[in-house]
file protein-v4.csv (CSV, C-alpha atoms)
chain,number,residue,atom,x,y,z
C,1,MET,CA,-10.3,183.4,176.8
C,2,THR,CA,-10.9,182.9,180.5
C,3,PHE,CA,-10.8,185.6,183.1
C,4,TYR,CA,-7.5,184.3,184.5
C,5,GLU,CA,-6.0,184.0,181.0
C,6,GLU,CA,-6.9,187.6,180.3
C,7,LEU,CA,-5.3,188.7,183.5
C,8,GLN,CA,-2.0,187.3,182.3
C,9,LEU,CA,-1.9,189.5,179.2
C,10,ASN,CA,0.4,192.5,179.0
C,11,GLN,CA,-0.9,196.0,178.2
C,12,THR,CA,-0.7,195.5,174.4
C,13,GLY,CA,-2.6,192.2,174.6
C,14,SER,CA,-5.3,193.6,176.7
C,15,LYS,CA,-5.7,196.7,174.5
C,16,ASN,CA,-5.8,194.6,171.4
C,17,ILE,CA,-8.7,192.6,172.8
C,18,ILE,CA,-10.6,195.8,173.7
C,19,ARG,CA,-9.9,197.3,170.3
C,20,GLU,CA,-11.1,194.3,168.4
C,21,CYS,CA,-14.2,193.8,170.4
C,22,SER,CA,-17.3,195.0,168.5
C,23,ASN,CA,-19.9,194.1,171.1
C,24,LYS,CA,-20.3,197.1,173.6
C,25,LYS,CA,-21.1,194.9,176.5
C,26,GLU,CA,-18.1,192.6,175.9
C,27,LYS,CA,-15.9,195.6,175.3
C,28,LEU,CA,-16.9,197.1,178.7
C,29,ARG,CA,-16.2,193.7,180.3
C,30,HIS,CA,-12.7,193.6,178.9
C,31,ILE,CA,-12.0,197.2,179.9
C,32,LEU,CA,-13.1,196.5,183.5
C,33,ILE,CA,-10.8,193.4,183.5
C,34,TYR,CA,-8.0,195.5,182.2
C,35,ILE,CA,-8.5,198.1,184.9
C,36,PHE,CA,-8.8,195.4,187.6
C,37,LYS,CA,-5.6,193.8,186.4
C,38,VAL,CA,-3.7,197.1,186.7
C,39,PHE,CA,-4.9,197.8,190.2
C,40,ILE,CA,-4.2,194.3,191.6
C,41,THR,CA,-0.8,194.3,190.0
C,42,LEU,CA,0.0,197.7,191.6
C,43,ALA,CA,-1.4,196.5,194.9
C,44,PHE,CA,0.7,193.3,194.7
C,45,CYS,CA,3.8,195.3,193.9
C,46,ILE,CA,3.3,197.8,196.8
C,47,SER,CA,2.5,195.0,199.3
C,48,PHE,CA,5.5,192.9,198.2
C,49,VAL,CA,8.0,195.7,198.5
C,50,THR,CA,6.5,196.9,201.8
C,51,LEU,CA,6.7,193.4,203.3
C,52,PHE,CA,10.2,192.9,202.0
C,53,SER,CA,11.2,196.2,203.6
C,54,LEU,CA,9.7,195.2,206.9
C,55,VAL,CA,11.6,191.9,206.9
C,56,PHE,CA,15.0,193.1,205.5
C,57,GLY,CA,14.9,196.8,206.5
C,58,SER,CA,13.9,200.0,204.9
C,59,GLU,CA,17.4,200.5,203.4
C,60,ASN,CA,16.7,197.4,201.4
C,61,SER,CA,13.4,198.4,199.8
C,62,ILE,CA,15.3,198.7,196.5
C,63,ALA,CA,16.4,195.1,196.8
C,64,GLY,CA,12.7,194.3,197.2
C,65,VAL,CA,12.0,196.2,193.9
C,66,VAL,CA,14.7,194.1,192.2
C,67,VAL,CA,13.3,190.8,193.4
C,68,LEU,CA,9.8,192.0,192.4
C,69,LEU,CA,11.0,192.9,188.9
C,70,PHE,CA,12.7,189.5,188.5
C,71,ILE,CA,9.5,187.7,189.5
C,72,LEU,CA,7.4,189.7,187.0
C,73,ILE,CA,9.8,189.2,184.1
C,74,PHE,CA,10.5,185.5,184.6
C,75,ARG,CA,6.8,184.7,184.8
C,76,GLN,CA,6.9,185.5,181.1
C,77,THR,CA,10.4,184.3,180.0
C,78,ASP,CA,13.4,182.0,180.8
C,79,PHE,CA,17.1,181.6,180.0
C,80,ASN,CA,16.6,179.2,177.0
C,81,ILE,CA,18.6,176.5,178.8
C,82,ASN,CA,17.5,173.3,180.8
C,83,SER,CA,15.8,173.7,184.1
C,84,PHE,CA,18.6,172.6,186.4
C,85,HIS,CA,21.1,174.9,184.8
C,86,SER,CA,18.5,177.7,184.8
C,87,ILE,CA,18.4,177.5,188.6
C,88,LEU,CA,22.2,177.7,188.8
C,89,ASN,CA,22.2,180.6,186.4
C,90,MET,CA,19.5,182.5,188.5
C,91,PHE,CA,21.6,182.2,191.7
C,92,LEU,CA,24.7,183.3,189.8
C,93,ILE,CA,23.0,186.4,188.4
C,94,PHE,CA,21.7,187.4,191.9
C,95,GLY,CA,25.1,186.8,193.3
C,96,ILE,CA,26.8,189.1,190.7
C,97,MET,CA,24.2,191.8,191.3
C,98,GLY,CA,24.4,191.6,195.1
C,99,ILE,CA,28.2,191.4,195.5
C,100,GLY,CA,29.3,193.3,192.3
C,101,SER,CA,27.1,196.3,192.9
C,102,TYR,CA,28.3,196.6,196.5
C,103,ILE,CA,32.0,196.4,195.4
C,104,ALA,CA,31.3,199.0,192.7
C,105,TYR,CA,29.8,201.7,194.8
C,106,SER,CA,32.3,201.1,197.6
C,107,SER,CA,35.3,201.6,195.3
C,108,SER,CA,37.1,204.4,193.6
C,109,ILE,CA,35.5,205.7,190.4
C,110,PHE,CA,37.9,203.9,188.1
C,111,PHE,CA,37.6,200.5,189.9
C,112,ALA,CA,33.8,201.0,190.0
C,113,PHE,CA,33.9,201.3,186.2
C,114,ILE,CA,35.9,198.1,185.8
C,115,THR,CA,33.5,196.3,188.3
C,116,ASN,CA,30.4,197.6,186.6
C,117,PHE,CA,31.6,196.6,183.1
C,118,ILE,CA,32.5,193.1,184.2
C,119,CYS,CA,29.2,192.6,186.1
C,120,ILE,CA,27.0,194.0,183.4
C,121,PHE,CA,28.8,192.0,180.7
C,122,LEU,CA,28.4,188.8,182.7
C,123,ILE,CA,24.7,189.5,183.5
C,124,THR,CA,24.0,190.2,179.8
C,125,VAL,CA,25.7,187.0,178.6
C,126,LEU,CA,24.0,184.9,181.3
C,127,SER,CA,20.5,186.3,180.9
C,128,CYS,CA,20.2,187.5,177.3
C,129,HIS,CA,21.2,184.5,175.2
C,130,ASN,CA,17.8,184.7,173.4
C,131,VAL,CA,17.8,188.4,172.6
C,132,HIS,CA,14.2,188.3,171.4
C,133,MET,CA,13.1,187.8,175.0
C,134,PHE,CA,14.4,191.3,175.9
C,135,ASN,CA,15.6,190.1,179.4
C,136,HIS,CA,18.4,192.6,179.4
C,137,SER,CA,16.2,195.7,180.0
C,138,ILE,CA,15.1,194.4,183.4
C,139,VAL,CA,18.1,192.4,184.5
C,140,VAL,CA,20.7,195.1,183.8
C,141,MET,CA,18.4,197.8,185.2
C,142,CYS,CA,18.2,195.8,188.5
C,143,TYR,CA,22.0,195.8,188.7
C,144,ILE,CA,22.1,199.5,188.2
C,145,LEU,CA,19.4,200.0,190.8
C,146,LEU,CA,21.5,198.1,193.4
C,147,PHE,CA,24.6,200.0,192.4
C,148,GLY,CA,22.8,203.4,192.9
C,149,TYR,CA,21.4,202.8,196.4
C,150,GLU,CA,24.0,202.7,199.1
C,151,VAL,CA,23.6,200.5,202.1
C,152,THR,CA,25.4,200.2,205.5
C,153,GLU,CA,27.5,197.1,206.3
C,154,LYS,CA,24.8,195.8,208.7
C,155,SER,CA,22.0,196.4,206.2
C,156,TYR,CA,24.1,194.9,203.4
C,157,ILE,CA,24.0,191.5,205.1
C,158,MET,CA,20.2,191.7,205.2
C,159,ARG,CA,20.3,192.8,201.5
C,160,LEU,CA,22.2,189.6,200.6
C,161,LEU,CA,19.7,187.5,202.6
C,162,GLY,CA,16.9,189.2,200.7
C,163,LEU,CA,18.5,188.6,197.4
C,164,ILE,CA,19.1,184.9,198.2
C,165,LEU,CA,15.4,184.6,199.0
C,166,GLY,CA,14.6,186.4,195.7
C,167,ALA,CA,16.9,183.9,193.8
C,168,LEU,CA,15.1,181.0,195.5
C,169,ILE,CA,11.6,182.4,194.6
C,170,CYS,CA,12.7,183.1,191.0
C,171,SER,CA,14.3,179.7,190.7
C,172,ILE,CA,11.0,178.0,191.6
C,173,ILE,CA,9.3,180.1,189.0
C,174,ILE,CA,11.8,179.3,186.3
C,175,TYR,CA,11.9,175.6,187.2
C,176,ARG,CA,8.1,175.4,186.7
C,177,LYS,CA,8.4,177.1,183.4
C,178,THR,CA,11.3,175.0,182.0
C,179,ILE,CA,10.7,171.5,183.5
C,180,ASN,CA,8.6,170.4,180.6
C,181,LYS,CA,10.6,172.1,177.9
C,182,ASN,CA,13.2,170.0,176.1
C,183,TYR,CA,16.0,172.6,176.1
C,184,GLU,CA,19.2,170.9,174.8
C,185,LYS,CA,21.4,173.8,175.8
C,186,ASN,CA,23.0,174.1,179.2
C,187,PHE,CA,24.9,176.7,181.2
C,188,SER,CA,28.2,176.2,179.3
C,189,HIS,CA,26.5,177.1,176.0
C,190,LEU,CA,26.0,180.7,177.2
C,191,PHE,CA,29.7,181.2,177.0
C,192,THR,CA,30.9,178.7,174.3
C,193,GLU,CA,28.5,180.3,171.9
C,194,PHE,CA,29.9,183.8,172.5
C,195,ASP,CA,31.5,184.9,169.3
C,196,ILE,CA,32.3,188.6,168.7
C,197,LYS,CA,31.6,188.1,165.0
C,198,THR,CA,27.9,187.5,165.7
C,199,GLU,CA,25.4,190.3,166.2
C,200,ARG,CA,24.3,188.9,169.5
C,201,SER,CA,27.8,188.8,171.1
C,202,LYS,CA,28.7,192.2,169.6
C,203,TRP,CA,25.5,193.7,171.1
C,204,GLN,CA,26.2,192.1,174.5
C,205,LEU,CA,29.7,193.6,174.6
C,206,SER,CA,28.7,197.0,173.4
C,207,LEU,CA,25.8,197.2,175.9
C,208,ALA,CA,28.1,196.5,178.8
C,209,LEU,CA,30.7,199.0,177.5
C,210,SER,CA,28.2,201.8,176.7
C,211,VAL,CA,26.4,201.6,180.1
C,212,SER,CA,29.5,201.3,182.2
C,213,THR,CA,31.5,204.0,180.4
C,214,ALA,CA,28.5,206.4,180.4
C,215,MET,CA,28.2,206.1,184.2
C,216,PHE,CA,32.0,206.4,184.6
C,217,ILE,CA,32.1,209.6,182.6
C,218,GLY,CA,29.1,210.9,184.5
C,219,GLN,CA,30.9,210.3,187.8
C,220,LEU,CA,34.1,212.0,186.5
C,221,LEU,CA,32.0,215.0,185.6
C,222,GLY,CA,30.4,215.1,189.0
C,223,PHE,CA,26.8,214.4,187.8
C,224,LYS,CA,24.4,213.4,190.5
C,225,ARG,CA,22.2,210.3,190.2
C,226,VAL,CA,24.5,208.7,187.6
C,227,ILE,CA,22.2,205.7,187.6
C,228,TRP,CA,19.8,207.8,185.5
C,229,ILE,CA,22.6,208.0,182.9
C,230,GLY,CA,22.9,204.2,183.1
C,231,PHE,CA,19.2,203.7,182.5
C,232,SER,CA,19.2,206.1,179.5
C,233,ALA,CA,22.2,204.4,178.0
C,234,LEU,CA,20.6,201.1,178.6
C,235,ALA,CA,17.4,202.2,176.9
C,236,VAL,CA,19.1,202.8,173.6
C,237,SER,CA,21.4,199.8,173.9
C,238,GLN,CA,19.2,197.8,171.4
C,239,ILE,CA,20.5,195.1,169.0
C,240,SER,CA,18.5,196.8,166.2
C,241,PRO,CA,19.7,200.3,165.1
C,242,GLU,CA,16.2,201.2,164.2
C,243,LEU,CA,14.8,200.4,167.6
C,244,ARG,CA,17.8,202.2,169.2
C,245,ILE,CA,16.9,205.4,167.4
C,246,GLN,CA,13.2,204.9,168.2
C,247,LYS,CA,13.9,204.6,171.9
C,248,ALA,CA,16.1,207.7,171.8
C,249,ILE,CA,13.5,209.8,170.0
C,250,HIS,CA,10.8,208.9,172.6
C,251,ARG,CA,12.9,208.9,175.7
C,252,ILE,CA,14.0,212.5,175.6
C,253,PRO,CA,10.6,214.2,175.1
C,254,GLY,CA,9.0,211.6,177.5
C,255,THR,CA,11.5,212.7,180.2
C,256,LEU,CA,11.0,216.4,179.6
C,257,ALA,CA,7.2,215.9,179.9
C,258,GLY,CA,7.7,213.7,183.0
C,259,VAL,CA,9.9,216.4,184.6
C,260,LEU,CA,7.3,219.1,184.0
C,261,LEU,CA,4.5,216.8,185.2
C,262,PHE,CA,6.4,216.0,188.4
C,263,TYR,CA,7.1,219.7,189.1
C,264,ILE,CA,3.4,220.6,188.7
C,265,PHE,CA,2.3,217.8,191.0
C,266,TYR,CA,5.1,218.7,193.5
C,267,LYS,CA,3.9,222.3,193.7
C,268,ILE,CA,0.2,221.7,193.9
C,269,ILE,CA,0.0,218.6,196.1
C,270,PRO,CA,0.5,219.0,199.8
C,271,MET,CA,4.0,217.8,201.0
C,272,GLU,CA,2.6,214.9,203.1
C,273,PHE,CA,1.2,213.3,199.8
C,274,HIS,CA,4.4,213.7,197.8
C,275,ASN,CA,5.4,210.1,198.5
C,276,MET,CA,2.2,209.1,196.6
C,277,LEU,CA,3.6,210.4,193.3
C,278,GLY,CA,5.6,207.1,192.8
C,279,ILE,CA,2.4,205.1,193.2
C,280,LEU,CA,0.6,207.4,190.8
C,281,GLY,CA,3.4,207.0,188.3
C,282,GLY,CA,3.3,203.2,188.6
C,283,LEU,CA,-0.5,203.2,188.2
C,284,CYS,CA,-0.3,205.3,185.0
C,285,VAL,CA,2.5,203.1,183.6
C,286,GLY,CA,0.2,200.2,183.9
C,287,PHE,CA,-2.1,201.7,181.4
C,288,CYS,CA,0.6,202.7,178.9
C,289,THR,CA,1.8,200.8,175.9
C,290,LEU,CA,3.8,203.6,174.2
C,291,TYR,CA,7.4,204.0,175.4
C,292,GLY,CA,7.3,207.8,175.6
C,293,PHE,CA,4.3,207.8,178.0
C,294,GLN,CA,6.0,205.0,180.1
C,295,THR,CA,9.1,207.2,180.3
C,296,MET,CA,7.0,210.2,181.4
C,297,PHE,CA,5.2,208.4,184.2
C,298,ASN,CA,8.4,206.6,185.3
C,299,CYS,CA,9.8,210.0,186.1
C,300,LEU,CA,7.3,210.4,188.9
C,301,GLY,CA,8.6,207.5,190.9
C,302,ALA,CA,12.3,208.1,190.2
C,303,MET,CA,12.1,211.9,191.0
C,304,SER,CA,10.0,211.4,194.1
C,305,VAL,CA,12.9,209.4,195.6
C,306,ALA,CA,15.7,211.7,194.5
C,307,VAL,CA,13.9,214.9,195.6
C,308,ASP,CA,14.4,214.0,199.3
C,309,ILE,CA,18.1,213.5,198.6
C,310,ILE,CA,19.2,216.3,196.4
C,311,GLY,CA,16.2,218.7,196.4
C,312,ILE,CA,13.6,219.7,193.8
C,313,TYR,CA,15.7,221.8,191.5
C,314,SER,CA,18.8,219.6,191.4
C,315,THR,CA,16.4,216.7,190.8
C,316,ILE,CA,14.9,218.4,187.8
C,317,LEU,CA,18.3,219.6,186.5
C,318,PHE,CA,20.0,216.2,186.7
C,319,ARG,CA,17.0,214.2,185.5
C,320,ILE,CA,17.2,216.2,182.3
C,321,ILE,CA,21.0,216.4,182.0
C,322,ASP,CA,21.5,212.7,182.9
C,323,THR,CA,18.9,211.6,180.4
C,324,LEU,CA,20.2,213.8,177.5
C,325,PHE,CA,23.8,212.7,178.2
C,326,GLY,CA,22.9,209.0,178.5
C,327,VAL,CA,20.8,208.8,175.4
C,328,LEU,CA,23.1,210.9,173.2
C,329,TYR,CA,26.2,209.1,174.4
C,330,GLY,CA,24.6,205.7,174.0
C,331,VAL,CA,23.5,206.5,170.4
C,332,VAL,CA,26.9,207.8,169.4
C,333,PHE,CA,28.7,205.0,171.2
C,334,HIS,CA,26.8,202.2,169.4
C,335,HIS,CA,27.1,204.0,166.1
C,336,ILE,CA,30.9,204.1,166.4
C,337,PHE,CA,31.1,200.5,167.9
C,338,ASP,CA,29.0,199.2,164.9
C,339,LYS,CA,31.4,200.8,162.4
C,340,LEU,CA,34.5,199.4,164.2
C,341,HIS,CA,32.9,196.0,164.4
C,342,LEU,CA,32.1,196.0,160.7
C,343,LYS,CA,35.7,197.0,159.9
C,344,TYR,CA,36.9,194.1,162.1
C,345,ILE,CA,34.6,191.6,160.3
C,346,ASN,CA,35.7,192.8,156.9
C,347,LYS,CA,39.3,192.7,157.8
C,348,ASN,CA,39.0,189.2,159.3
C,349,SER,CA,37.2,188.0,156.2
C,350,GLU,CA,40.0,189.3,154.0
C,351,LEU,CA,42.6,187.5,156.1
C,352,HIS,CA,40.8,184.2,155.6
C,353,LYS,CA,40.4,184.5,151.9

call {"tool": "encode", "arguments": {"input": "protein-v4.csv", "output": "structure tokens"}}
result
Amino acid sequence: MTFYEELQLNQTGSKNIIRECSNKKEKLRHILIYIFKVFITLAFCISFVTLFSLVFGSENSIAGVVVLLFILIFRQTDFNINSFHSILNMFLIFGIMGIGSYIAYSSSIFFAFITNFICIFLITVLSCHNVHMFNHSIVVMCYILLFGYEVTEKSYIMRLLGLILGALICSIIIYRKTINKNYEKNFSHLFTEFDIKTERSKWQLSLALSVSTAMFIGQLLGFKRVIWIGFSALAVSQISPELRIQKAIHRIPGTLAGVLLFYIFYKIIPMEFHNMLGILGGLCVGFCTLYGFQTMFNCLGAMSVAVDIIGIYSTILFRIIDTLFGVLYGVVFHHIFDKLHLKYINKNSELHK
């Protein structure tokens, strides 16, 4: 494997090479490549978001994060449809995220719920036709991020322009990935193959319902940072019940550990360096393969943003409450939805006998 090819591996792939290497010299070489990869990835991410913010305004740094996440995920995956329709699909997804999220946070709580459900459902259908690619985790998370960060009308125009640029960049990436693939399916198949009787379609519908209703209830109850509820509900919205429980088991203790870690750093690190906690969290995530540790270090970035808005103790309180509520609600919701879906399938089978 070449140096460049090794740089393209994810954390699991790099760690497998290191683990399987018996020669100490070669093992050290792979470890150094792995460390180098994490640092250049982090440097690229920081540089990209910083440049994006300079061009489109600091209010739109979150849009820069969204574009960056899309670039990273679609370097590894695609929509499983032909190249031309993939480009159309990419622009449509960015359009739904940019316009839908703005309508949602500018509306009443009830109308925001309707908008969020429709947008998340459409995004899930458009981007997650091949569920084994796990596109949903990043794509839906990006929509929630845009929904959770308000923007003024003037800056919103710049946000749209930034997202259009992001769609263009990602379209070039996905075109290069799919141009030589003989995908027979096109854009229409994403909808014509939707069938509530199938596991995939059932999961797509339940994901949109669970995430949107979780945030809706959170807003009704007056929770702060309801996007954290959305992220937690999304984390357990897995097509596999076993993976769903696994995510829930690791997310709660990972969050509690992350909150404690953030509080310790917040108290011992001088105030002028608090904004570095997000970078530290991102660096540590780059070395993690276990979901619990990823959750723990992700807390550093999320909480470092929230603490300037709602204060340290509200940040701690709602990071815990929102996570617990989102995870438990998501698990219960999917359990009930699965049972109702099974009853529907059985009843429908009996009618056709």

call {"tool": "residues_around", "arguments": {"input": "protein-v4.csv", "residues": "C:Glu6", "least_positions_apart": "5", "cutoff": "9 Å", "atoms": "only C-alpha atoms", "output": "JSON, numbers by chain"}}
result
{"C": [1, 13, 14, 30, 33, 34, 37]}

call {"tool": "residues_around", "arguments": {"input": "protein-v4.csv", "residues": "stretch 180-185 of chain C", "least_positions_apart": "6", "cutoff": "7 Å", "atoms": "all atoms listed in the file", "output": "list in words"}}
result
Asn80, Ile81 and Asn82 of chain C

call {"tool": "atom_distance", "arguments": {"input": "protein-v4.csv", "atom1": "atom CA of C:Phe70", "atom2": "atom CA of C:Arg200"}}
result
22.3 Å

call {"tool": "closest_residue", "arguments": {"input": "protein-v4.csv", "among": "C:Gln76, C:Ser127, C:Thr178, C:Asn60", "to": "C:Tyr149", "atoms": "only C-alpha atoms"}}
result
C:Asn60

call {"tool": "atom_distance", "arguments": {"input": "protein-v4.csv", "atom1": "atom CA of C:Val305", "atom2": "atom CA of C:Ala214"}}
result
22.0 Å

call {"tool": "residues_around", "arguments": {"input": "protein-v4.csv", "residues": "stretch 194-198 of chain C", "least_positions_apart": "4", "cutoff": "7 Å", "atoms": "all atoms listed in the file", "output": "list of chain:residue names"}}
result
C:Leu190, C:Lys202, C:Ile345

call {"tool": "atom_distance", "arguments": {"input": "protein-v4.csv", "atom1": "atom CA of C:Val331", "atom2": "atom CA of C:Gly218"}}
result
15.8 Å

call {"tool": "residues_near_point", "arguments": {"input": "protein-v4.csv", "point": "(14.2, 204.5, 172.0)", "cutoff": "9 Å", "atoms": "all atoms listed in the file", "output": "list in words"}}
result
Ala235, Val236, Ser237, Gln238, Glu242, Leu243, Arg244, Ile245, Gln246, Lys247, Ala248, Ile249, His250, Arg251, Ile252, Tyr291, Gly292 and Val327 of chain C

call {"tool": "residues_around", "arguments": {"input": "protein-v4.csv", "residues": "C:Ile336", "least_positions_apart": "5", "cutoff": "12 Å", "atoms": "all atoms listed in the file", "output": "PyMOL selection string"}}
result
chain C and resi 206+210+241+329-331+341-343

call {"tool": "closest_atom_pairs", "arguments": {"input": "protein-v4.csv", "of": "stretch 204-304 of chain C", "to": "stretch 105-123 of chain C", "cutoff": "8 Å", "atoms": "only C-alpha atoms", "output": "CSV"}}
result
residue,atom,partner,partner_atom,distance
C:Gln204,CA,C:Phe121,CA,6.7
C:Leu205,CA,C:Phe121,CA,6.4
C:Leu207,CA,C:Phe121,CA,7.7
C:Ala208,CA,C:Phe121,CA,4.9
C:Leu209,CA,C:Phe117,CA,6.2
C:Val211,CA,C:Phe117,CA,7.8
C:Ser212,CA,C:Phe117,CA,5.2
C:Thr213,CA,C:Phe113,CA,6.8
C:Met215,CA,C:Phe113,CA,7.7
C:Phe216,CA,C:Phe113,CA,5.7
C:Gln219,CA,C:Ile109,CA,7.0
C:Leu220,CA,C:Ile109,CA,7.5
